[in-house]
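Inspection log for the structure reproduced underneath, given as structure tokens.
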Amino acid sequence: SKSIKIEGIVLRKRVLKESDTSLVIFTRSHGKLWVTAKGVRQITSRRAGHLQTGSYISCVCRQSLGGLYIQQSTLISALRGANQQHRLS
């Protein structure tokens, strides 16, 4: 299996199985990539916060027959307030 390092923005997030998540990441070098993050929905996962929609992340992915799987990820920048509704006062 081959590892690749990517940087990109998380565009979409979809729940797979009990604890896995499927992500669409837009990268400058590879375009749109569909990757799987295993075990991210578990309570003890430290990566769950990095992989929110709108986050700009750097990650190392392992390529196998089933696709790309995130091995490690780091948050570069988060899009704050995108999912919050603003109140008029």
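By order of appearance in the structure tokens: chains A, B, ..., then residues from 1 within every chain, and ligands from 1 in the order shown.
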Spatial neighbours of A:Leu68, max dist 9 Å, only C-alpha atoms, sep filter under 4 positions, as number ranges by chain: A: 3, 33-37, 61-64
Kindly export the residues of the current selection with C-alpha atoms, as a short mmCIF file (atom, residue, chain, number, x, y, z; two decimals), in the first residue's frame.
```cif
data_model
loop_
_atom_site.label_atom_id
_atom_site.label_comp_id
_atom_site.auth_asym_id
_atom_site.auth_seq_id
_atom_site.Cartn_x
_atom_site.Cartn_y
_atom_site.Cartn_z
CA SER A 3 0.90 6.60 1.28
CA LEU A 33 -10.82 12.97 -3.53
CA TRP A 34 -13.15 10.55 -1.77
CA VAL A 35 -11.47 9.24 1.39
CA THR A 36 -12.55 7.10 4.33
CA ALA A 37 -11.74 7.90 7.95
CA CYS A 61 -3.70 8.74 3.32
CA ARG A 62 -3.00 5.09 2.64
CA GLN A 63 -4.03 3.85 -0.77
CA SER A 64 -5.40 0.32 -0.97
#
```
What's the 7 Å shell around A:Leu51, counting only C-alpha atoms, without same-chain residues fewer than 4 positions away, as an MDAnalysis selection string? chainID A and resid 10 47 55
Interatomic distance between atom CA of A:Thr21 and atom CA of A:Gly39?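 According to the coordinates, atom CA of A:Thr21 and atom CA of A:Gly39 are separated by 7.8 Å.
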Using only C-alpha atoms, which of A:Ile76, A:Val60, A:Ile9, A:Val40 sits nearest A:Ser22?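 Nearest candidate to A:Ser22 out of A:Ile76, A:Val60, A:Ile9, A:Val40: A:Val40.
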What's the separation between atom CA of A:Ser58 and atom CA of A:Leu11, in Å to one decimal place?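 Those two atoms sit 14.0 Å apart.
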Quick one: pull the distance between atom CA of A:Ile6 and atom CA of A:Ser45, Å, one decimal.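 Atom CA of A:Ser45 lies at a distance of 20.5 Å from atom CA of A:Ile6.
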Expected answer as a PyMOL selection string: strand (DSSP E) residues in stretch 49-84 of chain A: chain A and resi 56-64+67-77
Exercise: A:Thr27 partners within 7 Å, only C-alpha atoms, chain neighbours under 4 positions left out, as a compact mmCIF listing (two decimals) with C-alpha atoms, in the first residue's frame:
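Saved to out03.txt:
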```
# COMPACT_ATOMS: atom_id res chain seq x y z
CA GLU A 7 -3.83 19.24 1.85
CA GLY A 8 -7.36 20.31 1.16
CA ILE A 9 -10.80 21.48 2.23
CA GLY A 31 -8.73 17.67 -7.36
CA LYS A 32 -11.67 16.06 -5.57
```
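Shortest separation to A:Thr74 among A:His50, A:Arg12, A:Lys17, A:Lys5 occurs at residue A:His50, atoms counted being only C-alpha atoms.
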